[in-house]
>>> print(open('input-v6.cif').read())   # mmCIF, C-alpha atoms (C1' of nucleotides)
data_query
loop_
_atom_site.label_atom_id
_atom_site.label_comp_id
_atom_site.auth_asym_id
_atom_site.auth_seq_id
_atom_site.Cartn_x
_atom_site.Cartn_y
_atom_site.Cartn_z
CA MET A 1362 20.07 -8.27 -1.88
CA PRO A 1363 16.80 -7.18 -3.17
CA ILE A 1364 17.38 -5.76 -6.58
CA GLU A 1365 16.26 -2.20 -6.73
CA TYR A 1366 14.65 -0.77 -9.79
CA SER A 1367 13.88 2.76 -10.72
CA ARG A 1368 10.17 2.94 -10.19
CA PRO A 1369 8.14 5.62 -11.92
CA GLU A 1370 8.00 8.57 -9.57
CA ARG A 1371 4.28 9.15 -10.02
CA TYR A 1372 3.43 6.06 -8.00
CA ASN A 1373 4.84 7.79 -4.97
CA ASP A 1374 2.58 10.76 -5.32
CA ALA A 1375 -0.70 10.33 -3.51
CA ARG A 1376 -2.18 13.32 -5.31
CA TYR A 1377 -1.77 11.46 -8.54
CA HIS A 1378 -4.87 9.40 -7.86
CA ASP A 1379 -8.22 10.04 -6.38
CA LEU A 1380 -8.32 7.88 -3.34
CA ARG A 1381 -11.64 9.07 -1.94
CA PRO A 1382 -13.56 5.99 -0.97
CA ALA A 1383 -16.89 5.49 -2.66
CA ASP A 1384 -18.60 4.46 0.54
CA PRO A 1385 -17.65 6.14 3.83
CA ARG A 1386 -18.69 3.08 5.80
CA ARG A 1387 -16.02 1.15 3.95
CA THR A 1388 -13.26 3.55 4.84
CA ASP A 1389 -12.25 2.08 8.15
CA LEU A 1390 -9.19 -0.08 7.76
CA ARG A 1391 -10.24 -2.17 10.70
CA ARG A 1392 -13.48 -3.15 9.01
CA PRO A 1393 -12.82 -6.54 7.43
CA GLU A 1394 -15.28 -5.82 4.64
CA ARG A 1395 -13.15 -2.93 3.49
CA SER A 1396 -11.75 -3.50 0.00
CA PHE A 1397 -9.03 -1.90 -2.11
CA THR A 1398 -8.30 -1.31 -5.74
CA ILE A 1399 -4.93 -2.29 -7.07
CA ARG A 1400 -3.84 1.32 -7.29
CA GLN A 1401 -4.84 2.13 -3.74
CA LEU A 1402 -2.52 -0.55 -2.45
CA CYS A 1403 0.16 0.54 -4.89
CA VAL A 1404 0.10 4.10 -3.62
CA GLU A 1405 -0.06 3.05 0.00
CA PHE A 1406 2.91 0.71 -0.19
CA SER A 1407 4.84 2.41 -2.96
CA VAL A 1408 4.81 -0.47 -5.37
CA THR A 1409 3.62 -0.74 -8.96
CA PRO A 1410 0.57 -2.57 -10.27
CA ARG A 1411 2.94 -4.77 -12.18
CA ALA A 1412 4.48 -5.93 -8.93
CA LEU A 1413 1.12 -6.89 -7.42
CA ARG A 1414 0.14 -8.78 -10.55
CA PHE A 1415 3.50 -10.46 -10.47
CA TYR A 1416 2.98 -11.60 -6.88
CA GLU A 1417 -0.37 -12.96 -7.93
CA ASP A 1418 1.24 -14.82 -10.81
CA LYS A 1419 3.64 -16.39 -8.39
CA GLY A 1420 0.87 -17.46 -6.07
CA LEU A 1421 1.48 -15.03 -3.21
CA LEU A 1422 -1.76 -13.12 -3.63
CA PHE A 1423 -5.16 -14.05 -4.96
CA PRO A 1424 -7.49 -11.07 -4.92
CA ALA A 1425 -11.14 -11.41 -5.84
CA ARG A 1426 -12.48 -10.02 -9.09
CA ASP A 1427 -15.13 -7.51 -9.98
CA GLY A 1428 -15.56 -8.34 -13.61
CA MET A 1429 -12.02 -8.13 -14.86
CA ASN A 1430 -10.82 -5.85 -12.10
CA ARG A 1431 -8.95 -7.07 -9.06
CA VAL A 1432 -10.46 -6.41 -5.66
CA TYR A 1433 -8.18 -6.72 -2.66
CA SER A 1434 -9.52 -7.54 0.79
CA THR A 1435 -7.94 -6.51 4.09
CA ARG A 1436 -6.55 -10.01 4.23
CA ASP A 1437 -4.88 -9.51 0.86
CA ARG A 1438 -3.53 -6.28 2.18
CA ALA A 1439 -2.09 -7.97 5.24
CA ARG A 1440 -0.46 -10.59 3.03
CA LEU A 1441 1.04 -7.84 0.93
CA GLN A 1442 2.53 -6.30 4.04
CA LEU A 1443 4.10 -9.60 4.96
CA ILE A 1444 5.42 -10.00 1.43
CA LEU A 1445 7.07 -6.61 1.46
CA ARG A 1446 8.55 -7.10 4.87
CA GLY A 1447 9.79 -10.52 3.85
CA LYS A 1448 11.54 -8.89 0.93
CA ARG A 1449 13.10 -6.27 3.11
CA VAL A 1450 14.58 -8.88 5.39
CA GLY A 1451 15.98 -10.76 2.45
CA PHE A 1452 13.56 -13.55 1.62
CA SER A 1453 13.00 -14.47 -2.01
CA LEU A 1454 9.45 -14.50 -3.29
CA SER A 1455 9.36 -18.28 -3.35
CA GLU A 1456 10.52 -18.40 0.26
CA ILE A 1457 7.86 -15.89 1.22
CA ARG A 1458 5.33 -17.96 -0.62
CA GLU A 1459 6.34 -21.01 1.34
CA ILE A 1460 5.88 -19.18 4.60
CA LEU A 1461 2.50 -17.79 3.61
CA ASP A 1462 1.45 -21.25 2.48
CA LEU A 1463 2.44 -22.65 5.83
CA TYR A 1464 0.29 -20.06 7.53
CA ASP A 1465 -2.66 -21.13 5.44
CA GLU A 1466 -2.33 -24.86 5.78
CA LYS A 1467 -4.34 -25.20 8.94
CA ASP A 1468 -6.04 -28.17 7.36
CA GLY A 1469 -2.84 -29.84 6.25
CA GLY A 1470 -2.96 -32.34 9.06
CA ALA A 1471 -0.61 -32.89 11.95
CA VAL A 1472 2.34 -34.03 9.84
CA GLN A 1473 2.17 -30.88 7.77
CA ALA A 1474 1.96 -28.81 10.92
CA ALA A 1475 5.05 -30.49 12.30
CA ARG A 1476 6.96 -29.78 9.12
CA SER A 1477 5.79 -26.19 9.17
CA LEU A 1478 6.94 -25.79 12.73
CA LYS A 1479 10.38 -27.03 11.82
CA LYS A 1480 10.63 -24.64 8.90
CA PHE A 1481 9.46 -21.75 11.00
CA ARG A 1482 12.16 -22.45 13.54
CA GLU A 1483 14.78 -22.63 10.83
CA ARG A 1484 13.67 -19.27 9.50
CA ILE A 1485 13.84 -17.80 12.96
CA GLU A 1486 17.38 -19.05 13.42
CA ALA A 1487 18.36 -17.56 10.06
CA LEU A 1488 16.78 -14.24 10.99
CA LYS A 1489 18.58 -14.15 14.30
CA GLN A 1490 21.85 -14.77 12.50
CA GLN A 1491 20.99 -11.93 10.18
CA ARG A 1492 20.16 -9.69 13.08
CA GLU A 1493 23.67 -10.27 14.37
CA ASP A 1494 25.08 -9.41 10.96
CA ILE A 1495 23.17 -6.17 10.97
CA GLU A 1496 24.30 -5.42 14.49
CA GLY A 1497 27.86 -5.87 13.34
CA ALA A 1498 27.41 -3.79 10.23
CA ILE A 1499 25.92 -0.95 12.28
CA GLN A 1500 28.84 -1.07 14.68
CA ASN A 1501 31.31 -1.00 11.81
CA LEU A 1502 29.65 1.99 10.23
CA GLU A 1503 29.39 3.80 13.52
CA GLU A 1504 33.08 3.32 14.13
CA GLY A 1505 33.62 4.73 10.68
CA CYS A 1506 31.47 7.72 11.62
CA VAL A 1507 33.51 8.36 14.72
CA ARG A 1508 36.71 8.28 12.69
CA LEU A 1509 35.31 10.63 10.09
CA GLU A 1510 33.96 12.97 12.73
CA ARG A 1511 37.31 13.17 14.46
CA GLN A 1512 38.99 13.81 11.17
CA LEU A 1513 36.53 16.55 10.25
CA THR A 1514 36.53 18.16 13.66
CA GLU A 1515 40.23 18.72 13.31
CA SER A 1516 40.30 19.87 9.71
CA ARG A 1517 36.99 21.47 8.78
CA PRO A 1518 34.52 21.58 11.68
CA ASP A 1519 32.22 23.76 9.57
CA LEU A 1520 31.54 20.81 7.27
CA LEU A 1521 30.29 18.58 10.07
CA PRO A 1522 26.77 17.49 9.13
CA ARG A 1523 24.55 17.49 12.15
CA ALA A 1524 22.29 14.53 12.74
CA GLU A 1525 19.16 16.69 12.74
CA ALA A 1526 18.48 15.78 9.12
CA TYR A 1527 17.24 12.43 10.35
CA ASP A 1528 14.50 13.94 12.42
CA SER A 1529 12.59 14.45 9.20
CA VAL A 1530 13.13 10.83 8.29
CA LEU A 1531 11.70 9.74 11.58
CA ARG A 1532 8.80 12.14 11.33
CA ALA A 1533 7.99 10.90 7.86
CA ARG A 1534 7.90 7.40 9.20
CA LEU A 1535 5.57 8.35 12.00
CA ASP A 1536 3.27 10.15 9.62
CA GLY A 1537 3.30 7.22 7.25
CA PRO A 1538 0.46 4.74 6.80
CA ALA A 1539 -0.63 3.44 10.16
CA ASP A 1540 0.14 -0.18 10.72
CA PRO A 1541 -3.19 -1.89 10.27
CA THR A 1542 -4.06 -4.88 12.35
CA LEU A 1543 -2.85 -8.05 10.74
CA VAL A 1544 -5.67 -10.45 10.17
CA LEU A 1545 -3.67 -13.35 8.86
CA SER A 1546 -3.14 -15.48 11.89
CA LYS A 1547 -6.72 -15.20 12.99
CA MET B 1500 16.93 -10.94 -1.11
CA PRO B 1501 20.22 -12.18 -2.11
CA ILE B 1502 19.70 -14.50 -4.99
CA GLU B 1503 20.78 -18.00 -4.07
CA TYR B 1504 22.48 -20.23 -6.55
CA SER B 1505 23.28 -23.87 -6.34
CA ARG B 1506 26.97 -23.81 -5.67
CA PRO B 1507 29.08 -26.87 -6.41
CA GLU B 1508 29.13 -28.94 -3.24
CA ARG B 1509 32.87 -29.59 -3.38
CA TYR B 1510 33.69 -26.03 -2.42
CA ASN B 1511 32.22 -26.71 0.96
CA ASP B 1512 34.51 -29.62 1.63
CA ALA B 1513 37.76 -28.61 3.25
CA ARG B 1514 39.28 -32.01 2.52
CA TYR B 1515 38.93 -31.31 -1.16
CA HIS B 1516 42.02 -29.14 -1.14
CA ASP B 1517 45.35 -29.28 0.53
CA LEU B 1518 45.44 -26.21 2.63
CA ARG B 1519 48.74 -26.85 4.39
CA PRO B 1520 50.66 -23.62 4.27
CA ALA B 1521 54.01 -23.73 2.54
CA ASP B 1522 55.70 -21.68 5.23
CA PRO B 1523 54.75 -22.19 8.90
CA ARG B 1524 55.76 -18.65 9.75
CA ARG B 1525 53.08 -17.44 7.37
CA THR B 1526 50.33 -19.47 8.99
CA ASP B 1527 49.26 -17.02 11.63
CA LEU B 1528 46.16 -15.14 10.54
CA ARG B 1529 47.15 -12.18 12.66
CA ARG B 1530 50.42 -11.75 10.80
CA PRO B 1531 49.77 -9.09 8.20
CA GLU B 1532 52.25 -10.67 5.80
CA ARG B 1533 50.14 -13.80 5.62
CA SER B 1534 48.78 -14.38 2.13
CA PHE B 1535 46.10 -16.59 0.64
CA THR B 1536 45.41 -18.30 -2.66
CA ILE B 1537 42.05 -17.81 -4.25
CA ARG B 1538 40.98 -21.30 -3.32
CA GLN B 1539 41.94 -20.96 0.30
CA LEU B 1540 39.60 -18.02 0.67
CA CYS B 1541 36.94 -19.83 -1.31
CA VAL B 1542 37.01 -22.83 1.00
CA GLU B 1543 37.15 -20.69 4.12
CA PHE B 1544 34.15 -18.55 3.17
CA SER B 1545 32.24 -21.05 1.05
CA VAL B 1546 32.28 -19.06 -2.14
CA THR B 1547 33.52 -19.93 -5.63
CA PRO B 1548 36.58 -18.57 -7.40
CA ARG B 1549 34.22 -17.10 -9.94
CA ALA B 1550 32.64 -14.99 -7.24
CA LEU B 1551 35.97 -13.59 -6.08
CA ARG B 1552 36.98 -12.76 -9.63
CA PHE B 1553 33.61 -11.17 -10.11
CA TYR B 1554 34.09 -8.96 -7.05
CA GLU B 1555 37.45 -7.98 -8.47
CA ASP B 1556 35.86 -7.14 -11.80
CA LYS B 1557 33.43 -4.90 -9.99
CA GLY B 1558 36.20 -3.13 -8.13
CA LEU B 1559 35.55 -4.53 -4.65
CA LEU B 1560 38.80 -6.47 -4.42
CA PHE B 1561 42.22 -5.99 -5.94
CA PRO B 1562 44.53 -8.78 -4.92
CA ALA B 1563 48.21 -8.71 -5.86
CA ARG B 1564 49.58 -11.02 -8.52
CA ASP B 1565 52.25 -13.66 -8.56
CA GLY B 1566 52.74 -13.97 -12.28
CA MET B 1567 49.21 -14.57 -13.42
CA ASN B 1568 47.96 -15.92 -10.12
CA ARG B 1569 46.06 -13.84 -7.60
CA VAL B 1570 47.54 -13.40 -4.15
CA TYR B 1571 45.22 -12.19 -1.42
CA SER B 1572 46.53 -10.32 1.61
CA THR B 1573 44.94 -10.25 5.05
CA ARG B 1574 43.52 -6.90 4.05
CA ASP B 1575 41.88 -8.44 1.01
CA ARG B 1576 40.52 -11.13 3.27
CA ALA B 1577 39.06 -8.53 5.62
CA ARG B 1578 37.45 -6.77 2.68
CA LEU B 1579 35.97 -10.05 1.55
CA GLN B 1580 34.46 -10.53 4.97
CA LEU B 1581 32.87 -7.13 4.80
CA ILE B 1582 31.59 -7.87 1.31
CA LEU B 1583 29.94 -11.09 2.41
CA ARG B 1584 28.42 -9.54 5.47
CA GLY B 1585 27.20 -6.63 3.40
CA LYS B 1586 25.49 -9.11 1.13
CA ARG B 1587 23.90 -10.91 4.03
CA VAL B 1588 22.41 -7.71 5.34
CA GLY B 1589 21.03 -6.89 1.92
CA PHE B 1590 23.44 -4.47 0.28
CA SER B 1591 24.05 -4.75 -3.43
CA LEU B 1592 27.60 -5.11 -4.63
CA SER B 1593 27.70 -1.54 -5.88
CA GLU B 1594 26.50 -0.28 -2.50
CA ILE B 1595 29.15 -2.35 -0.77
CA ARG B 1596 31.69 -0.97 -3.15
CA GLU B 1597 30.66 2.55 -2.28
CA ILE B 1598 31.08 1.85 1.40
CA LEU B 1599 34.47 0.23 0.93
CA ASP B 1600 35.54 3.14 -1.23
CA LEU B 1601 34.50 5.55 1.49
CA TYR B 1602 36.61 3.63 3.97
CA ASP B 1603 39.60 3.98 1.68
CA GLU B 1604 39.24 7.63 0.82
CA LYS B 1605 41.19 8.96 3.73
CA ASP B 1606 42.99 11.24 1.31
CA GLY B 1607 39.85 12.47 -0.38
CA GLY B 1608 39.90 15.75 1.45
CA ALA B 1609 37.51 17.19 3.98
CA VAL B 1610 34.62 17.58 1.56
CA GLN B 1611 34.80 13.93 0.63
CA ALA B 1612 34.93 12.99 4.29
CA ALA B 1613 31.83 15.03 4.98
CA ARG B 1614 29.98 13.29 2.17
CA SER B 1615 31.15 9.93 3.44
CA LEU B 1616 29.92 10.71 6.90
CA LYS B 1617 26.51 11.59 5.58
CA LYS B 1618 26.29 8.37 3.60
CA PHE B 1619 27.43 6.32 6.55
CA ARG B 1620 24.66 7.82 8.65
CA GLU B 1621 22.11 7.08 5.99
CA ARG B 1622 23.25 3.48 5.85
CA ILE B 1623 22.99 3.22 9.59
CA GLU B 1624 19.43 4.52 9.50
CA ALA B 1625 18.54 2.01 6.79
CA LEU B 1626 20.07 -0.80 8.80
CA LYS B 1627 18.18 0.18 11.92
CA GLN B 1628 14.97 0.14 9.92
CA GLN B 1629 15.88 -3.28 8.67
CA ARG B 1630 16.61 -4.45 12.16
CA GLU B 1631 13.07 -3.50 13.09
CA ASP B 1632 11.76 -5.45 10.12
CA ILE B 1633 13.68 -8.49 11.23
CA GLU B 1634 12.44 -8.06 14.77
CA GLY B 1635 8.89 -8.03 13.43
CA ALA B 1636 9.41 -11.01 11.20
CA ILE B 1637 10.85 -13.01 14.08
CA GLN B 1638 7.88 -12.13 16.25
CA ASN B 1639 5.45 -13.14 13.51
CA LEU B 1640 7.14 -16.47 13.01
CA GLU B 1641 7.33 -17.11 16.73
CA GLU B 1642 3.62 -16.47 17.06
CA GLY B 1643 3.16 -18.94 14.25
CA CYS B 1644 5.27 -21.43 16.16
CA VAL B 1645 3.17 -21.04 19.26
CA ARG B 1646 0.03 -21.63 17.25
CA LEU B 1647 1.46 -24.71 15.59
CA GLU B 1648 2.74 -26.06 18.88
CA ARG B 1649 -0.67 -25.67 20.52
CA GLN B 1650 -2.26 -27.39 17.57
CA LEU B 1651 0.22 -30.26 17.67
CA THR B 1652 0.14 -30.65 21.43
CA GLU B 1653 -3.58 -31.30 21.19
CA SER B 1654 -3.55 -33.59 18.18
CA ARG B 1655 -0.22 -35.37 17.89
CA PRO B 1656 2.20 -34.50 20.72
CA ASP B 1657 4.54 -37.22 19.50
CA LEU B 1658 5.28 -35.21 16.37
CA LEU B 1659 6.46 -32.17 18.31
CA PRO B 1660 10.00 -31.46 17.15
CA ARG B 1661 12.17 -30.41 20.03
CA ALA B 1662 14.40 -27.41 19.66
CA GLU B 1663 17.52 -29.42 20.41
CA ALA B 1664 18.29 -29.73 16.72
CA TYR B 1665 19.47 -26.13 16.80
CA ASP B 1666 22.17 -26.85 19.32
CA SER B 1667 24.16 -28.34 16.50
CA VAL B 1668 23.64 -25.23 14.44
CA LEU B 1669 24.98 -23.10 17.23
CA ARG B 1670 27.89 -25.42 17.84
CA ALA B 1671 28.78 -25.36 14.17
CA ARG B 1672 28.82 -21.60 14.29
CA LEU B 1673 31.11 -21.57 17.31
CA ASP B 1674 33.47 -24.07 15.69
CA GLY B 1675 33.53 -22.07 12.49
CA PRO B 1676 36.41 -19.98 11.25
CA ALA B 1677 37.55 -17.65 13.97
CA ASP B 1678 36.77 -14.05 13.33
CA PRO B 1679 40.11 -12.57 12.35
CA THR B 1680 40.97 -9.06 13.35
CA LEU B 1681 39.73 -6.63 10.80
CA VAL B 1682 42.56 -4.54 9.49
CA LEU B 1683 40.54 -2.24 7.32
CA SER B 1684 39.95 0.74 9.49
CA LYS B 1685 43.54 0.86 10.66
"C1'" DG C 260 56.10 -37.42 -20.89
"C1'" DC C 261 51.55 -37.80 -19.30
"C1'" DT C 262 48.09 -37.14 -16.02
"C1'" DT C 263 46.34 -34.44 -12.12
"C1'" DG C 264 45.25 -30.24 -9.94
"C1'" DC C 265 45.42 -25.57 -9.63
"C1'" DC C 266 45.51 -21.18 -12.01
"C1'" DC C 267 43.98 -17.91 -15.81
"C1'" DT C 268 40.84 -15.31 -19.36
"C1'" DG C 269 36.87 -14.70 -22.25
"C1'" DA C 270 32.22 -15.36 -23.23
"C1'" DC C 271 27.67 -17.03 -23.18
"C1'" DG C 272 23.81 -18.89 -20.03
"C1'" DT C 273 20.58 -18.44 -15.98
"C1'" DT C 274 17.44 -16.92 -12.27
"C1'" DT C 275 14.92 -13.29 -9.89
"C1'" DA C 276 11.89 -9.56 -9.85
"C1'" DC C 277 10.10 -6.83 -11.96
"C1'" DG C 278 10.01 -2.64 -16.19
"C1'" DT C 279 8.04 -1.38 -20.30
"C1'" DA C 280 5.45 -1.18 -24.29
"C1'" DA C 281 1.53 -2.82 -27.19
"C1'" DG C 282 -3.16 -3.40 -27.78
"C1'" DG C 283 -7.92 -3.21 -26.02
"C1'" DG C 284 -11.80 -1.99 -22.91
"C1'" DG C 285 -14.80 0.57 -19.24
"C1'" DT C 286 -16.45 5.06 -17.16
"C1'" DA C 287 -16.72 9.87 -16.21
"C1'" DT C 288 -15.94 14.56 -17.34
"C1'" DA C 289 -15.48 18.57 -20.45
"C1'" DT D 845 -17.72 12.58 -28.59
"C1'" DA D 846 -13.17 13.25 -27.42
"C1'" DT D 847 -10.04 13.17 -23.51
"C1'" DA D 848 -8.47 11.44 -19.21
"C1'" DC D 849 -7.76 7.90 -16.11
"C1'" DC D 850 -8.53 3.57 -14.64
"C1'" DC D 851 -8.31 -1.45 -15.57
"C1'" DC D 852 -6.78 -5.81 -18.13
"C1'" DT D 853 -3.53 -9.43 -20.71
"C1'" DT D 854 0.38 -10.82 -23.45
"C1'" DA D 855 4.96 -10.46 -24.27
"C1'" DC D 856 9.51 -8.97 -24.76
"C1'" DG D 857 13.33 -6.39 -22.19
"C1'" DT D 858 16.59 -5.85 -18.24
"C1'" DA D 859 19.98 -5.48 -14.15
"C1'" DA D 860 22.34 -8.18 -10.65
"C1'" DA D 861 25.23 -11.92 -9.40
"C1'" DC D 862 27.09 -15.18 -10.48
"C1'" DG D 863 27.22 -20.48 -13.10
"C1'" DT D 864 29.23 -22.87 -16.64
"C1'" DC D 865 31.82 -24.15 -20.42
"C1'" DA D 866 35.82 -23.54 -23.73
"C1'" DG D 867 40.52 -23.08 -24.33
"C1'" DG D 868 45.17 -22.64 -22.52
"C1'" DG D 869 49.17 -22.41 -19.04
"C1'" DC D 870 52.34 -23.91 -15.09
"C1'" DA D 871 54.03 -27.39 -11.41
"C1'" DA D 872 54.11 -31.80 -9.16
"C1'" DG D 873 54.00 -36.69 -9.08
"C1'" DC D 874 54.10 -41.25 -11.34
#
>>> encode(input="input-v6.cif", output="structure tokens")
Amino acid sequence: MPIEYSRPERYNDARYHDLRPADPRRTDLRRPERSFTIRQLCVEFSVTPRALRFYEDKGLLFPARDGMNRVYSTRDRARLQLILRGKRVGFSLSEIREILDLYDEKDGGAVQAARSLKKFRERIEALKQQREDIEGAIQNLEEGCVRLERQLTESRPDLLPRAEAYDSVLRARLDGPADPTLVLSK
Amino acid sequence: MPIEYSRPERYNDARYHDLRPADPRRTDLRRPERSFTIRQLCVEFSVTPRALRFYEDKGLLFPARDGMNRVYSTRDRARLQLILRGKRVGFSLSEIREILDLYDEKDGGAVQAARSLKKFRERIEALKQQREDIEGAIQNLEEGCVRLERQLTESRPDLLPRAEAYDSVLRARLDGPADPTLVLSK
DNA sequence: GCTTGCCCTGACGTTTACGTAAGGGGTATA
DNA sequence: TATACCCCTTACGTAAACGTCAGGGCAAGC
């Protein structure tokens, strides 16, 4: 599984950085000419600058430069989203890179396209298998919950945690960064 | 994602080892008294002995011993299945260990049970989130497939790979080791 | 009795995906 | 002009999950 590190807490705190855009016209996420600093993306997606630079090193991102500074386009941002989702579903960075490369190789000729198609289908099969695994794991855990609930109901019903705590989780997700339109496959 | 290593090919080959059981009465997987050698489990689940010993080191398995040699029960086998599935859905070994521990702690008292229940629910939420991620990734890739297919149909229809190749994949899965009854939650 | 095959226990090596300084520079604010 | 906050590169450090010897033991078959 994805190795989890302890990431400095400050990167989670939006107040830590001034995110006011310099130019109001460039605020709209849907405007393709919108650009982002490295830290803006870091705060939005809860990753560190080191991670973004690392992805660049590995050939998954290639932001433009303003002098020395990196400038990320909406396209870069969309790629980053795909990278992070790829990680969450268990792809390694090199696998994600392959996929992104396949997306880009529109010019690779018909043979390349055929190979890409095959790989895509393989990935899909793997993901469907994984979806089944997750389905099974959820079932297992839910059975465990039922058992524990029965046990608690009989012994200490006062300790029964109600599921309401997860409302906040859901709310947080809804309030989170809106899913911007992906511009990759265009 | 789960880091993938190059595992010696021979562990995939069932013919590599003589798996004939010494005692026919002990052949039936459903018989709880059935036991397994380390290699039998390795061949069945395509893992190495090193991995099983590693899981034991980390407190996820504790097979009995016959002298020096490890002897795995059907319960150990069921745990191994859960371990491997946990890995496939992205849990780290220590997370899997936590879950397995929670399953075992029937005697931990009501407070422990309440904590377990909470953790189980958290896991379930995480898994549902992940299921959504996978759903999204599948959709993305399928859109990519459609694009590639259109492109190929126009340029080189002869190169279009048909999906029949995946029949074999499915067949292989059906012919695979039967899912034995899990004896953990009993 | 020697080889073959399986088992064991250390213990060091490896890959992935970053973390964490160290050292240096630009800009704005007090 | 000092401080704060941002950026950069280079480089060494690290946790997870095993791989890979090295060294030794027990049982079967030739």
>>> resolve_selection(input="input-v6.cif", expression="the PyMOL selection byres ((chain D and resi 863) around 8)", output="number ranges by chain")
C: 272-273; D: 862, 864
>>> resolve_selection(input="input-v6.cif", expression="the PyMOL selection byres ((chain A) within 8 of (chain B))", output="PyMOL selection string")
chain A and resi 1362-1364+1446-1453+1464+1471-1472+1474-1475+1477-1479+1481-1482+1484-1485+1488-1489+1491-1492+1494-1495+1498-1499+1502-1503+1505-1506+1509-1510+1513+1516-1517+1520-1522+1546
>>> write_last_selection(input="input-v6.cif", atoms="C-alpha atoms", output="PDB file, keeping the file's coordinate frame")
ATOM      1  CA  MET A1362      20.070  -8.270  -1.880  1.00  0.00           C
ATOM      2  CA  PRO A1363      16.800  -7.180  -3.170  1.00  0.00           C
ATOM      3  CA  ILE A1364      17.380  -5.760  -6.580  1.00  0.00           C
ATOM      4  CA  ARG A1446       8.550  -7.100   4.870  1.00  0.00           C
ATOM      5  CA  GLY A1447       9.790 -10.520   3.850  1.00  0.00           C
ATOM      6  CA  LYS A1448      11.540  -8.890   0.930  1.00  0.00           C
ATOM      7  CA  ARG A1449      13.100  -6.270   3.110  1.00  0.00           C
ATOM      8  CA  VAL A1450      14.580  -8.880   5.390  1.00  0.00           C
ATOM      9  CA  GLY A1451      15.980 -10.760   2.450  1.00  0.00           C
ATOM     10  CA  PHE A1452      13.560 -13.550   1.620  1.00  0.00           C
ATOM     11  CA  SER A1453      13.000 -14.470  -2.010  1.00  0.00           C
ATOM     12  CA  TYR A1464       0.290 -20.060   7.530  1.00  0.00           C
ATOM     13  CA  ALA A1471      -0.610 -32.890  11.950  1.00  0.00           C
ATOM     14  CA  VAL A1472       2.340 -34.030   9.840  1.00  0.00           C
ATOM     15  CA  ALA A1474       1.960 -28.810  10.920  1.00  0.00           C
ATOM     16  CA  ALA A1475       5.050 -30.490  12.300  1.00  0.00           C
ATOM     17  CA  SER A1477       5.790 -26.190   9.170  1.00  0.00           C
ATOM     18  CA  LEU A1478       6.940 -25.790  12.730  1.00  0.00           C
ATOM     19  CA  LYS A1479      10.380 -27.030  11.820  1.00  0.00           C
ATOM     20  CA  PHE A1481       9.460 -21.750  11.000  1.00  0.00           C
ATOM     21  CA  ARG A1482      12.160 -22.450  13.540  1.00  0.00           C
ATOM     22  CA  ARG A1484      13.670 -19.270   9.500  1.00  0.00           C
ATOM     23  CA  ILE A1485      13.840 -17.800  12.960  1.00  0.00           C
ATOM     24  CA  LEU A1488      16.780 -14.240  10.990  1.00  0.00           C
ATOM     25  CA  LYS A1489      18.580 -14.150  14.300  1.00  0.00           C
ATOM     26  CA  GLN A1491      20.990 -11.930  10.180  1.00  0.00           C
ATOM     27  CA  ARG A1492      20.160  -9.690  13.080  1.00  0.00           C
ATOM     28  CA  ASP A1494      25.080  -9.410  10.960  1.00  0.00           C
ATOM     29  CA  ILE A1495      23.170  -6.170  10.970  1.00  0.00           C
ATOM     30  CA  ALA A1498      27.410  -3.790  10.230  1.00  0.00           C
ATOM     31  CA  ILE A1499      25.920  -0.950  12.280  1.00  0.00           C
ATOM     32  CA  LEU A1502      29.650   1.990  10.230  1.00  0.00           C
ATOM     33  CA  GLU A1503      29.390   3.800  13.520  1.00  0.00           C
ATOM     34  CA  GLY A1505      33.620   4.730  10.680  1.00  0.00           C
ATOM     35  CA  CYS A1506      31.470   7.720  11.620  1.00  0.00           C
ATOM     36  CA  LEU A1509      35.310  10.630  10.090  1.00  0.00           C
ATOM     37  CA  GLU A1510      33.960  12.970  12.730  1.00  0.00           C
ATOM     38  CA  LEU A1513      36.530  16.550  10.250  1.00  0.00           C
ATOM     39  CA  SER A1516      40.300  19.870   9.710  1.00  0.00           C
ATOM     40  CA  ARG A1517      36.990  21.470   8.780  1.00  0.00           C
ATOM     41  CA  LEU A1520      31.540  20.810   7.270  1.00  0.00           C
ATOM     42  CA  LEU A1521      30.290  18.580  10.070  1.00  0.00           C
ATOM     43  CA  PRO A1522      26.770  17.490   9.130  1.00  0.00           C
ATOM     44  CA  SER A1546      -3.140 -15.480  11.890  1.00  0.00           C
TER      45      SER A1546
END
>>> residues_around(input="input-v6.cif", residues="DA872 (chain D)", least_positions_apart="5", cutoff="12 Å", atoms="only C-alpha atoms (C1' of nucleotides)", output="PyMOL selection string")
chain C and resi 262-265
>>> atom_distance(input="input-v6.cif", atom1="CA of Arg1458 (chain A)", atom2="CA of Gly1420 (chain A)")
7.1 Å
>>> resolve_selection(input="input-v6.cif", expression="the PyMOL selection byres ((chain C) within 9 of (chain B))", output="JSON list (two decimals) with C-alpha atoms (C1' of nucleotides), in the coordinates of the input")
[["chain", "number", "residue", "atom", "x", "y", "z"],
["C", 265, "DC", "C1'", 45.42, -25.57, -9.63],
["C", 266, "DC", "C1'", 45.51, -21.18, -12.01],
["C", 267, "DC", "C1'", 43.98, -17.91, -15.81],
["C", 274, "DT", "C1'", 17.44, -16.92, -12.27],
["C", 275, "DT", "C1'", 14.92, -13.29, -9.89]]
>>> closest_atom_pairs(input="input-v6.cif", of="chain D", to="chain A", cutoff="12 Å", atoms="only C-alpha atoms (C1' of nucleotides)", output="tab-separated table")
residue	atom	partner	partner_atom	distance
D:DC849	C1'	A:His1378	CA	8.9
D:DC850	C1'	A:Arg1400	CA	9.0
D:DC851	C1'	A:Asn1430	CA	6.1
D:DC852	C1'	A:Met1429	CA	6.6
D:DT853	C1'	A:Met1429	CA	10.4
D:DT858	C1'	A:Tyr1366	CA	10.0
D:DA859	C1'	A:Ile1364	CA	8.0
D:DA860	C1'	A:Ile1364	CA	6.9
D:DA861	C1'	A:Met1362	CA	9.8
